[in-house]
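> Okay, so here is run.txt, and as you'll see once you scroll down, it has compact mmCIF, C-alpha atoms and all ligand atoms.
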```txt
# COMPACT_ATOMS: atom_id res chain seq x y z
CA MET A 11 35.76 -7.79 -37.76
CA ILE A 12 36.70 -10.85 -39.79
CA ILE A 13 39.75 -12.95 -38.95
CA THR A 14 40.87 -15.59 -41.43
CA LEU A 15 43.28 -18.44 -40.77
CA ASP A 16 44.35 -20.23 -43.92
CA GLY A 17 46.89 -22.98 -44.35
CA GLY A 18 47.59 -26.45 -45.68
CA ALA A 19 46.47 -29.73 -44.21
CA ALA A 20 47.39 -30.13 -40.51
CA SER A 21 48.94 -26.67 -40.26
CA GLY A 22 47.06 -26.28 -36.98
CA LYS A 23 44.53 -23.78 -38.32
CA THR A 24 41.42 -25.57 -37.09
CA THR A 25 42.72 -26.12 -33.55
CA LEU A 26 43.85 -22.50 -33.30
CA ALA A 27 40.70 -21.06 -34.88
CA ARG A 28 38.61 -23.05 -32.41
CA GLU A 29 40.65 -21.83 -29.42
CA LEU A 30 40.46 -18.23 -30.62
CA SER A 31 36.73 -18.51 -31.18
CA ARG A 32 36.25 -19.69 -27.59
CA HIS A 33 38.64 -17.12 -26.17
CA PHE A 34 37.06 -14.12 -27.87
CA GLU A 35 33.57 -15.65 -28.03
CA ILE A 36 33.48 -15.07 -31.78
CA PRO A 37 31.55 -17.46 -34.08
CA LEU A 38 33.73 -19.94 -35.96
CA LEU A 39 33.43 -20.98 -39.59
CA GLU A 40 35.49 -24.12 -40.12
CA SER A 41 35.21 -24.21 -43.89
CA GLY A 42 36.91 -27.60 -44.35
CA GLN A 43 33.91 -29.15 -42.59
CA LEU A 44 31.62 -27.97 -45.39
CA TYR A 45 33.65 -29.75 -48.08
CA ARG A 46 33.97 -32.77 -45.83
CA ALA A 47 30.22 -32.91 -45.19
CA ILE A 48 29.42 -32.97 -48.91
CA THR A 49 32.12 -35.61 -49.49
CA PHE A 50 30.78 -37.74 -46.64
CA ARG A 51 27.22 -37.63 -47.98
CA ALA A 52 28.35 -38.40 -51.52
CA LEU A 53 30.34 -41.42 -50.31
CA GLN A 54 27.38 -42.55 -48.22
CA GLU A 55 25.25 -42.53 -51.36
CA GLY A 56 27.89 -44.57 -53.18
CA ILE A 57 28.76 -41.74 -55.58
CA SER A 58 32.09 -42.06 -57.30
CA VAL A 59 33.39 -38.54 -56.61
CA GLU A 60 36.01 -38.78 -59.37
CA ASN A 61 33.12 -38.84 -61.84
CA SER A 62 32.38 -35.11 -62.13
CA GLN A 63 28.98 -35.58 -63.83
CA ALA A 64 27.77 -38.02 -61.19
CA LEU A 65 29.00 -35.67 -58.45
CA GLU A 66 27.23 -32.67 -60.00
CA LYS A 67 24.01 -34.64 -60.36
CA PHE A 68 24.23 -35.50 -56.67
CA VAL A 69 25.19 -32.01 -55.42
CA THR A 70 22.78 -29.85 -57.50
CA PRO A 71 19.50 -30.86 -55.83
CA LEU A 72 20.94 -30.84 -52.28
CA SER A 73 19.31 -28.41 -49.87
CA LEU A 74 22.18 -26.59 -48.11
CA GLU A 75 21.97 -24.12 -45.26
CA MET A 76 24.23 -22.82 -42.52
CA GLN A 77 23.28 -23.11 -38.89
CA GLU A 78 25.03 -21.53 -35.91
CA ASP A 79 25.17 -23.62 -32.79
CA GLN A 80 27.26 -22.70 -29.75
CA LEU A 81 29.53 -20.35 -31.68
CA GLU A 82 30.05 -22.78 -34.58
CA TRP A 83 28.70 -22.55 -38.09
CA ARG A 84 27.78 -25.91 -39.54
CA LEU A 85 26.38 -27.13 -42.83
CA VAL A 86 22.92 -28.66 -42.78
CA ILE A 87 22.38 -30.94 -45.77
CA ASN A 88 18.81 -31.84 -46.63
CA GLY A 89 17.76 -30.75 -43.15
CA LYS A 90 20.31 -32.94 -41.34
CA LEU A 91 23.61 -32.27 -39.55
CA ASP A 92 26.39 -34.86 -39.65
CA ASN A 93 28.42 -36.08 -36.72
CA PRO A 94 31.75 -34.15 -36.92
CA GLN A 95 33.64 -37.41 -36.14
CA ASN A 96 32.32 -39.00 -39.32
CA LEU A 97 33.66 -36.08 -41.34
CA ARG A 98 37.21 -36.91 -40.17
CA GLU A 99 37.14 -40.51 -41.44
CA VAL A 100 40.11 -41.59 -43.56
CA GLU A 101 37.99 -42.13 -46.66
CA VAL A 102 36.59 -38.60 -46.40
CA SER A 103 40.11 -37.18 -45.94
CA GLU A 104 41.26 -39.07 -49.02
CA LYS A 105 38.46 -37.88 -51.29
CA VAL A 106 37.62 -34.39 -50.01
CA SER A 107 40.13 -32.57 -52.24
CA ILE A 108 38.56 -34.11 -55.33
CA VAL A 109 35.13 -32.84 -54.28
CA ALA A 110 36.58 -29.45 -53.25
CA LYS A 111 38.03 -28.75 -56.68
CA ALA A 112 34.67 -29.07 -58.44
CA PRO A 113 33.52 -25.55 -59.53
CA PHE A 114 29.83 -26.28 -58.81
CA VAL A 115 30.68 -27.30 -55.24
CA ARG A 116 32.79 -24.19 -54.58
CA LYS A 117 30.20 -21.90 -56.13
CA ARG A 118 27.44 -23.13 -53.84
CA LEU A 119 29.58 -23.03 -50.74
CA LEU A 120 30.91 -19.53 -51.43
CA SER A 121 27.68 -17.64 -50.78
CA LEU A 122 26.86 -19.90 -47.82
CA GLN A 123 30.20 -19.08 -46.20
CA ARG A 124 29.76 -15.36 -46.79
CA SER A 125 26.30 -15.50 -45.22
CA CYS A 126 27.93 -16.42 -41.88
CA TYR A 127 29.23 -12.90 -41.46
CA SER A 128 26.80 -10.16 -40.73
CA LYS A 129 27.61 -6.77 -39.24
CA LYS A 130 24.29 -6.87 -37.44
CA ARG A 131 25.29 -10.00 -35.52
CA GLY A 132 28.00 -8.19 -33.60
CA GLY A 133 30.17 -8.18 -36.70
CA TYR A 134 32.70 -10.81 -35.70
CA LEU A 135 33.75 -14.03 -37.40
CA ILE A 136 36.77 -16.34 -37.34
CA GLY A 137 37.10 -18.48 -40.43
CA ASP A 138 39.65 -21.17 -41.14
CA GLY A 139 40.34 -22.84 -44.42
CA MET A 140 42.32 -22.48 -47.61
CA ASP A 141 40.74 -19.61 -49.52
CA LEU A 142 39.10 -17.58 -46.77
CA GLY A 143 41.56 -14.69 -46.99
CA THR A 144 41.90 -14.88 -50.79
CA VAL A 145 38.38 -15.57 -52.11
CA VAL A 146 35.70 -15.84 -49.43
CA PHE A 147 36.65 -12.77 -47.36
CA PRO A 148 39.36 -10.91 -49.30
CA ALA A 149 38.69 -7.77 -47.25
CA ALA A 150 39.16 -9.55 -43.90
CA ASP A 151 40.58 -7.37 -41.13
CA ILE A 152 43.23 -9.88 -40.04
CA LYS A 153 44.60 -12.56 -42.36
CA ILE A 154 46.84 -15.28 -41.04
CA PHE A 155 48.55 -17.99 -43.08
CA LEU A 156 49.90 -20.99 -41.19
CA LYS A 157 52.75 -23.12 -42.53
CA VAL A 158 54.07 -26.42 -41.23
CA SER A 159 56.87 -28.83 -42.19
CA GLU A 160 55.85 -32.16 -43.78
CA THR A 161 57.24 -34.27 -40.92
CA ILE A 162 55.36 -32.37 -38.23
CA ARG A 163 52.22 -32.40 -40.33
CA ALA A 164 52.26 -36.18 -40.74
CA LYS A 165 52.81 -36.61 -36.99
CA ARG A 166 49.89 -34.30 -36.13
CA ARG A 167 47.52 -36.10 -38.49
CA GLN A 168 48.64 -39.46 -37.16
CA GLU A 169 47.60 -38.30 -33.70
CA ASP A 170 44.24 -37.12 -35.10
CA PHE A 171 43.60 -40.55 -36.60
CA LYS A 172 44.74 -42.24 -33.39
CA ALA A 173 42.20 -40.17 -31.44
CA LEU A 174 39.56 -41.55 -33.79
CA GLY A 175 40.70 -45.10 -32.99
CA MET A 176 42.49 -45.64 -36.34
CA SER A 177 46.07 -46.79 -36.35
CA MET A 178 48.22 -45.59 -39.25
CA THR A 179 51.96 -45.16 -39.70
CA THR A 180 53.47 -41.69 -40.17
CA GLU A 181 54.36 -42.71 -43.75
CA GLN A 182 50.78 -43.69 -44.60
CA VAL A 183 49.46 -40.42 -43.18
CA GLY A 184 52.20 -38.46 -44.97
CA ILE A 185 51.17 -39.91 -48.33
CA ILE A 186 47.47 -39.02 -47.86
CA GLU A 187 48.24 -35.47 -46.71
CA ALA A 188 50.86 -34.79 -49.39
CA GLU A 189 48.41 -35.89 -52.08
CA ARG A 190 45.68 -33.71 -50.57
CA ASP A 191 47.96 -30.65 -50.52
CA ARG A 192 49.08 -31.34 -54.10
CA ILE A 193 45.48 -31.33 -55.36
CA ASP A 194 44.58 -28.28 -53.23
CA GLN A 195 47.56 -26.28 -54.51
CA GLU A 196 47.29 -27.26 -58.15
CA ARG A 197 43.55 -26.81 -58.63
CA LYS A 198 42.38 -24.02 -60.94
CA ILE A 199 39.77 -22.44 -58.64
CA SER A 200 40.79 -21.03 -55.28
CA PRO A 201 44.10 -22.85 -54.96
CA LEU A 202 45.80 -22.81 -51.57
CA GLN A 203 47.78 -19.55 -51.59
CA VAL A 204 49.11 -17.01 -49.12
CA PRO A 205 46.49 -14.20 -49.14
CA SER A 206 47.84 -10.72 -49.88
CA GLY A 207 48.45 -8.85 -46.64
CA ALA A 208 48.52 -12.05 -44.60
CA ILE A 209 50.82 -12.60 -41.65
CA VAL A 210 52.65 -15.88 -42.27
CA ILE A 211 53.42 -18.00 -39.22
CA ASP A 212 55.38 -21.25 -39.31
CA THR A 213 53.87 -23.47 -36.62
CA SER A 214 56.41 -26.32 -37.00
CA GLY A 215 58.66 -25.53 -34.06
CA LYS A 216 55.91 -24.05 -31.91
CA THR A 217 53.44 -25.44 -29.45
CA VAL A 218 49.76 -24.69 -29.97
CA LEU A 219 49.90 -22.44 -26.92
CA GLU A 220 52.80 -20.40 -28.32
CA THR A 221 51.04 -19.76 -31.64
CA PHE A 222 47.76 -19.13 -29.81
CA LEU A 223 49.36 -16.41 -27.66
CA GLU A 224 50.96 -14.84 -30.74
CA LEU A 225 47.59 -14.70 -32.48
CA ILE A 226 45.85 -13.27 -29.43
CA ARG A 227 48.38 -10.46 -29.31
CA LEU A 228 47.83 -9.67 -33.00
CA ILE A 229 44.04 -9.70 -32.67
CA ASN A 230 44.08 -7.56 -29.54
CA ILE A 231 46.18 -4.92 -31.27
CA LYS A 232 43.71 -4.84 -34.16
CA LYS A 233 40.69 -4.73 -31.88
CA HIS A 234 42.31 -1.93 -29.95
CA GLU A 235 42.97 0.09 -33.09
CA SER A 236 39.35 -0.07 -34.19
CA ASN A 237 38.20 1.09 -30.76
CA PRO A 238 36.96 4.72 -30.81
CA VAL A 239 38.64 5.55 -27.51
CA TYR A 240 41.98 4.45 -28.86
CA ARG A 241 41.46 6.45 -32.06
CA ILE A 242 40.79 9.58 -30.09
CA ILE A 243 43.83 9.04 -27.91
CA ARG A 244 45.96 8.43 -30.96
CA SER A 245 44.70 11.52 -32.70
CA LEU A 246 45.51 13.47 -29.57
CA ALA A 247 49.03 12.09 -29.66
CA ALA A 248 49.34 13.27 -33.27
CA VAL A 249 48.11 16.79 -32.52
CA PRO A 250 51.19 18.83 -33.41
CA LYS A 251 51.74 17.09 -36.76
CA PHE A 252 48.09 17.03 -37.66
CA HIS A 253 47.57 20.63 -36.70
CA LEU A 254 50.20 21.74 -39.19
CA ASN A 255 48.50 19.90 -42.07
CA LEU A 256 44.92 20.76 -41.18
CA ARG A 257 43.06 22.63 -43.93
CA GLN A 258 40.62 25.03 -42.37
CA GLU A 259 37.79 26.77 -44.17
CA GLY A 260 35.36 29.26 -42.65
CA ILE A 261 37.25 29.34 -39.39
CA GLU A 262 36.91 33.14 -39.38
CA ASN A 263 33.20 32.66 -38.68
CA ILE A 264 34.01 31.55 -35.16
CA PRO A 265 33.79 34.76 -33.10
CA GLN A 266 36.90 35.80 -31.18
CA THR A 267 34.91 36.74 -28.10
CA GLY A 268 31.53 35.93 -26.57
CA GLY A 269 29.39 32.84 -26.62
CA PHE A 270 28.58 30.96 -29.80
CA LEU A 271 26.86 27.78 -30.86
CA LEU A 272 28.69 25.71 -33.47
CA ALA A 273 26.45 23.24 -35.29
CA SER A 274 28.96 21.07 -37.13
CA ASN A 275 28.82 18.14 -39.47
CA HIS A 276 29.60 14.94 -37.60
CA LEU A 277 30.73 12.53 -40.25
CA SER A 278 33.36 10.79 -38.15
CA HIS A 279 34.20 10.25 -34.51
CA LEU A 280 37.15 12.58 -34.94
CA ASP A 281 35.18 15.63 -36.07
CA PRO A 282 34.57 16.95 -32.57
CA VAL A 283 38.24 16.47 -31.75
CA MET A 284 39.33 18.12 -35.00
CA LEU A 285 37.09 21.08 -34.24
CA ALA A 286 38.86 21.49 -30.96
CA PHE A 287 42.18 21.63 -32.81
CA ALA A 288 40.88 24.01 -35.47
CA SER A 289 39.32 26.53 -33.13
CA SER A 290 41.46 28.78 -31.01
CA ARG A 291 38.49 29.03 -28.63
CA THR A 292 37.89 26.41 -26.00
CA LEU A 293 34.80 24.41 -26.88
CA SER A 294 32.26 22.50 -24.87
CA TYR A 295 30.34 19.65 -26.45
CA ILE A 296 26.83 18.41 -26.08
CA ALA A 297 26.69 14.67 -26.73
CA ARG A 298 23.91 12.13 -26.51
CA ASN A 299 23.67 10.65 -23.05
CA SER A 300 24.03 7.03 -24.23
CA LEU A 301 27.70 7.79 -24.96
CA PHE A 302 28.21 8.24 -21.26
CA GLN A 303 26.47 5.05 -20.28
CA GLY A 304 28.77 2.48 -21.97
CA SER A 305 32.44 2.23 -21.21
CA PRO A 306 33.48 4.15 -18.07
CA LEU A 307 36.82 4.96 -19.71
CA PHE A 308 35.14 6.53 -22.73
CA ALA A 309 32.73 8.44 -20.54
CA TRP A 310 35.72 9.73 -18.60
CA LEU A 311 37.55 10.71 -21.79
CA ILE A 312 34.70 12.66 -23.37
CA SER A 313 33.91 14.31 -20.05
CA ALA A 314 37.54 15.37 -19.88
CA LEU A 315 37.06 16.90 -23.35
CA ASN A 316 34.27 19.12 -22.04
CA ALA A 317 31.38 16.96 -23.23
CA TYR A 318 28.01 17.06 -21.49
CA PRO A 319 25.25 14.52 -21.89
CA ILE A 320 21.90 15.41 -23.36
CA ASN A 321 18.73 13.35 -23.51
CA ARG A 322 17.51 13.51 -27.11
CA GLU A 323 14.30 11.59 -26.62
CA ASN A 324 12.66 14.08 -24.23
CA PRO A 325 13.21 17.78 -23.59
CA ASP A 326 16.27 17.90 -21.36
CA ARG A 327 15.69 21.07 -19.37
CA LYS A 328 18.78 20.63 -17.19
CA THR A 329 21.24 20.42 -20.09
CA LEU A 330 19.48 23.08 -22.15
CA THR A 331 19.75 25.45 -19.17
CA GLN A 332 23.42 24.54 -18.89
CA ILE A 333 23.99 25.31 -22.59
CA ILE A 334 22.34 28.70 -22.20
CA GLN A 335 24.53 29.41 -19.20
CA PHE A 336 27.63 28.42 -21.18
CA LEU A 337 26.64 30.72 -24.04
CA LEU A 338 25.83 33.61 -21.75
CA SER A 339 29.14 33.24 -19.99
CA GLY A 340 31.01 33.48 -23.28
CA HIS A 341 31.69 29.81 -24.09
CA GLY A 342 31.66 28.13 -27.47
CA VAL A 343 29.33 25.14 -27.59
CA VAL A 344 29.31 22.38 -30.23
O1 LIG A 401 40.67 -28.06 -43.24
P1 LIG A 401 40.34 -29.48 -43.61
O2 LIG A 401 41.48 -30.42 -43.52
O3 LIG A 401 39.13 -30.00 -42.92
O4 LIG A 401 39.96 -29.37 -45.17
C1 LIG A 401 39.58 -30.49 -45.91
C2 LIG A 401 39.69 -30.19 -47.39
O5 LIG A 401 38.64 -29.30 -47.76
C3 LIG A 401 40.96 -29.54 -47.86
O6 LIG A 401 42.00 -30.46 -48.09
C4 LIG A 401 40.52 -28.89 -49.15
O7 LIG A 401 40.51 -29.81 -50.21
C5 LIG A 401 39.09 -28.49 -48.85
N1 LIG A 401 38.98 -27.09 -48.47
C6 LIG A 401 38.94 -26.16 -49.48
N2 LIG A 401 38.76 -24.86 -49.18
C7 LIG A 401 38.64 -24.45 -47.90
C8 LIG A 401 38.70 -25.38 -46.86
C9 LIG A 401 38.88 -26.72 -47.18
O8 LIG A 401 39.04 -26.51 -50.64
N3 LIG A 401 38.45 -23.16 -47.64
```
Do you think you could lay out the structure here as C-alpha cells?
Ligand code: C5P


Amino acid sequence: MIITLDGGAASGKTTLARELSRHFEIPLLESGQLYRAITFRALQEGISVENSQALEKFVTPLSLEMQEDQLEWRLVINGKLDNPQNLREVEVSEKVSIVAKAPFVRKRLLSLQRSCYSKKRGGYLIGDGMDLGTVVFPAADIKIFLKVSETIRAKRRQEDFKALGMSMTTEQVGIIEAERDRIDQERKISPLQVPSGAIVIDTSGKTVLETFLELIRLINIKKHESNPVYRIIRSLAAVPKFHLNLRQEGIENIPQTGGFLLASNHLSHLDPVMLAFASSRTLSYIARNSLFQGSPLFAWLISALNAYPINRENPDRKTLTQIIQFLLSGHGVV
C-alpha cells in the first residue's frame, strides 16, 4: 500500500507523514529532503544553481543512492549522508525550488524515489512531497493533498527557523515561502497540483493532532478494505444481490445427491465463497493449514465456513481420512 501526502510549503505534510510513519511503522520517503540534499551539496561546492549548465555539470557525475534507516529513506550522495538540520538552512530553502525545476535533477530522482517501494518489503510506503500522487506514484492507494493559508504557513515556517536558532520575521518568512510556491506551481515539469482522486484537507484551522487523527481514520478504512477477512464478510453481506447477478456455467455437473469432490479454479479469495453461493449443496473446504495459523479471526471465519486444514508438504493422513469420510457420508468437498 502506498500513501502519498502532497502539498505546498509548510502545509504540514512532513510532520504528518512522519507521525503516520511512526504510528503504522511504515517507511517514510520525505521527497523534499532529496531536492534539499542536492541543493545543499551544490551550494557547498559554490555552484551557482541559477546557471543550469553549471548545475547539470555538477549533478550528472554524482553517485546517488537511497538508504533506509529506522523507517526513513534518505539520499546518499557520493557515499555520504547529510545532516538533516543542514538541509533546512535558509539558503537551501531559498534555492531548492530552482534546483527542483531542473529536468535532469527530477529525472534522476524519479527512479530513486520509485525504488523505495517494493511489494516484497511488506509493500508499505508513506511519501510526502509535491508530485508523489501525480508523477512518482500515480497509482497510490491513498492520496492526500494538504492546503494551508498563507498566514498560517508563514507562522509555521517561522517556528521551524526559530527551532534552528534563526530569527526571522513572519514577513521575511512569508516572502521566501511565497516565492518557493510560485516557482513550484509554475514550473513545467511536475508542478504542484492536486492529484486526481486525492482527498483535499485544509490544515489551516486544525491542530496537527486533529489532522493526524483524520488521516489515521482514512488509512485504517483503506487497510481494512484490503484485508481478506473484511472482503469475505462484505461479500457475505452482499449475498442476496450478488446471487441474483451470478452467471453460472456447468452447475448441473454438481450431483444432487451423494458425495462429490469439486476441484475448482482458485483465482481469487472469493472463489470458494462464490462456489458456496452457486451450489445448492452444502460444501466443505480443504485449505492449506498455514491459513489457520495466522489471524485467529480469519481462522475462526474459515472454520465457520466448513474449512479444514491440510498439510500440503507431507501426506496428511488425518485430513485425507476425513475427506474420505465426508465423501462417503454424502458431502460435497472443495
Ligand atoms: O517539502 P520541502 O519543503 O522539504 O520541499 C523543498 C522543495 O523541494 C520544494 O519547495 C520543491 O521545490 C521541491 N520538491 C519538489 N518535489 C517534491 C518535493 C519537493 O519539487 N516531490

> Which one of A:Met178, A:Arg46, A:Asn61, A:Gly56 sits closest to A:Pro94 if you count all atoms listed in the file?

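The answer is A:Arg46, which sits nearest to A:Pro94.
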
> Quick one: residues within 7 Å of ligand LIG 401 (chain A), with all atoms listed in the file, as a list in words?

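The residues within 7 Å of ligand LIG 401 (chain A), counting all atoms listed in the file, are Ala19, Ala20, Thr24, Ser41, Gly42, Gln43, Tyr45, Arg46, Ser103, Val106, Ser107, Ile108, Ala110, Lys111, Asp138, Gly139, Met140, Asp141, Leu142, Arg190, Asp191 and Asp194 of chain A.
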
> Please provide as a list in words all residues within 12 Å of A:Ser58, with the sequence filter that same-chain residues fewer than 2 positions apart are discarded (counting only C-alpha atoms).

Thr49, Phe50, Arg51, Ala52, Leu53, Gln54, Glu55, Gly56, Glu60, Asn61, Ser62, Gln63, Ala64, Leu65, Glu66, Lys67, Phe68, Lys105, Val106, Ile108 and Val109 of chain A

> Skipping near chain neighbours, those fewer than 3 positions away, what residues fall within 7 Å of stretch 118-126 of chain A using only C-alpha atoms, listed as a ChimeraX atom specification?

/A:75-76,114-115,146

> Can you work out which one of A:Thr14, A:Leu30, A:Lys90, A:Ala112 has the shortest atom-to-atom distance to A:Thr70, counting all atoms listed in the file?

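Between A:Thr14, A:Leu30, A:Lys90, A:Ala112, the residue approaching A:Thr70 most closely is A:Ala112.
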
> Find the distance between atom CA of A:Ser206 and atom CA of A:Arg166 and write it in Å to one decimal.

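According to the coordinates, atom CA of A:Ser206 and atom CA of A:Arg166 are separated by 27.4 Å.
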
> Between A:Gly89, A:Gly22, A:Gly215, A:Gly304, which residue has the minimum interatomic distance to A:Ser73, considering only C-alpha atoms?

A:Gly89

> Name the residues in contact with A:Gly268 at a cut-off of 12 Å, using all atoms listed in the file, excluding same-chain residues fewer than 3 positions from it; report them as a count of residues only.

14

> Using only C-alpha atoms, which of A:Gln266, A:Ser177, A:Thr144, A:Ser159 sits nearest A:Ile199?

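Smallest distance to A:Ile199 is found for A:Thr144.
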
> With distances taken over all atoms listed in the file, which residue among A:Asn88, A:Asn263, A:Ser214, A:Ser128 lies nearest A:Leu156?

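Closest residue, counting all atoms listed in the file: A:Ser214.
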
> Neighbouring residues of A:Ile154 were defined as those with any atom within 7 Å, considering all atoms listed in the file; residues of the same chain fewer than 6 positions away were excluded. Please report them as a list in words.

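Neighbouring residues, sequence-local ones excluded: Thr14, Leu15, Asp16, Ala208, Ile209 and Val210 of chain A.
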
> Compare A:Leu72, A:Leu225, A:Ala188, A:Leu39 by their minimum atom-to-atom distance to A:Glu160, counting all atoms listed in the file, and give me the closest one.

A:Ala188

> So which residues touch A:Ala317 within 7 Å, counting only C-alpha atoms, skipping near sequence neighbours fewer than 2 positions away, as a PDB file with C-alpha atoms, in the frame of the given file?


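The new file result.pdb reads:
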```pdb
ATOM      1  CA  SER A 294      32.260  22.500 -24.870  1.00  0.00           C
ATOM      2  CA  TYR A 295      30.340  19.650 -26.450  1.00  0.00           C
ATOM      3  CA  ILE A 296      26.830  18.410 -26.080  1.00  0.00           C
ATOM      4  CA  ALA A 297      26.690  14.670 -26.730  1.00  0.00           C
ATOM      5  CA  ILE A 312      34.700  12.660 -23.370  1.00  0.00           C
ATOM      6  CA  SER A 313      33.910  14.310 -20.050  1.00  0.00           C
ATOM      7  CA  LEU A 315      37.060  16.900 -23.350  1.00  0.00           C
ATOM      8  CA  PRO A 319      25.250  14.520 -21.890  1.00  0.00           C
TER       9      PRO A 319
END
```

> Interatomic distance between atom CA of A:Asp92 and atom CA of A:Val59?

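Interatomic distance here is 18.7 Å.
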
> If you measure from atom CA of A:Glu78 to atom CA of A:Asn93, what distance in Å do you get, rounded to one decimal?

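Atom CA of A:Asn93 lies 15.0 Å from atom CA of A:Glu78.
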
> Edge lengths and centre in Å to one decimal, as JSON, of the axis-aligned box that encloses all listed atoms of stretch 38-44 of chain A with 3 Å added on every side?


```
{"center_x": 34.3, "center_y": -24.5, "center_z": -40.7, "size_x": 11.3, "size_y": 15.2, "size_z": 15.4}
```
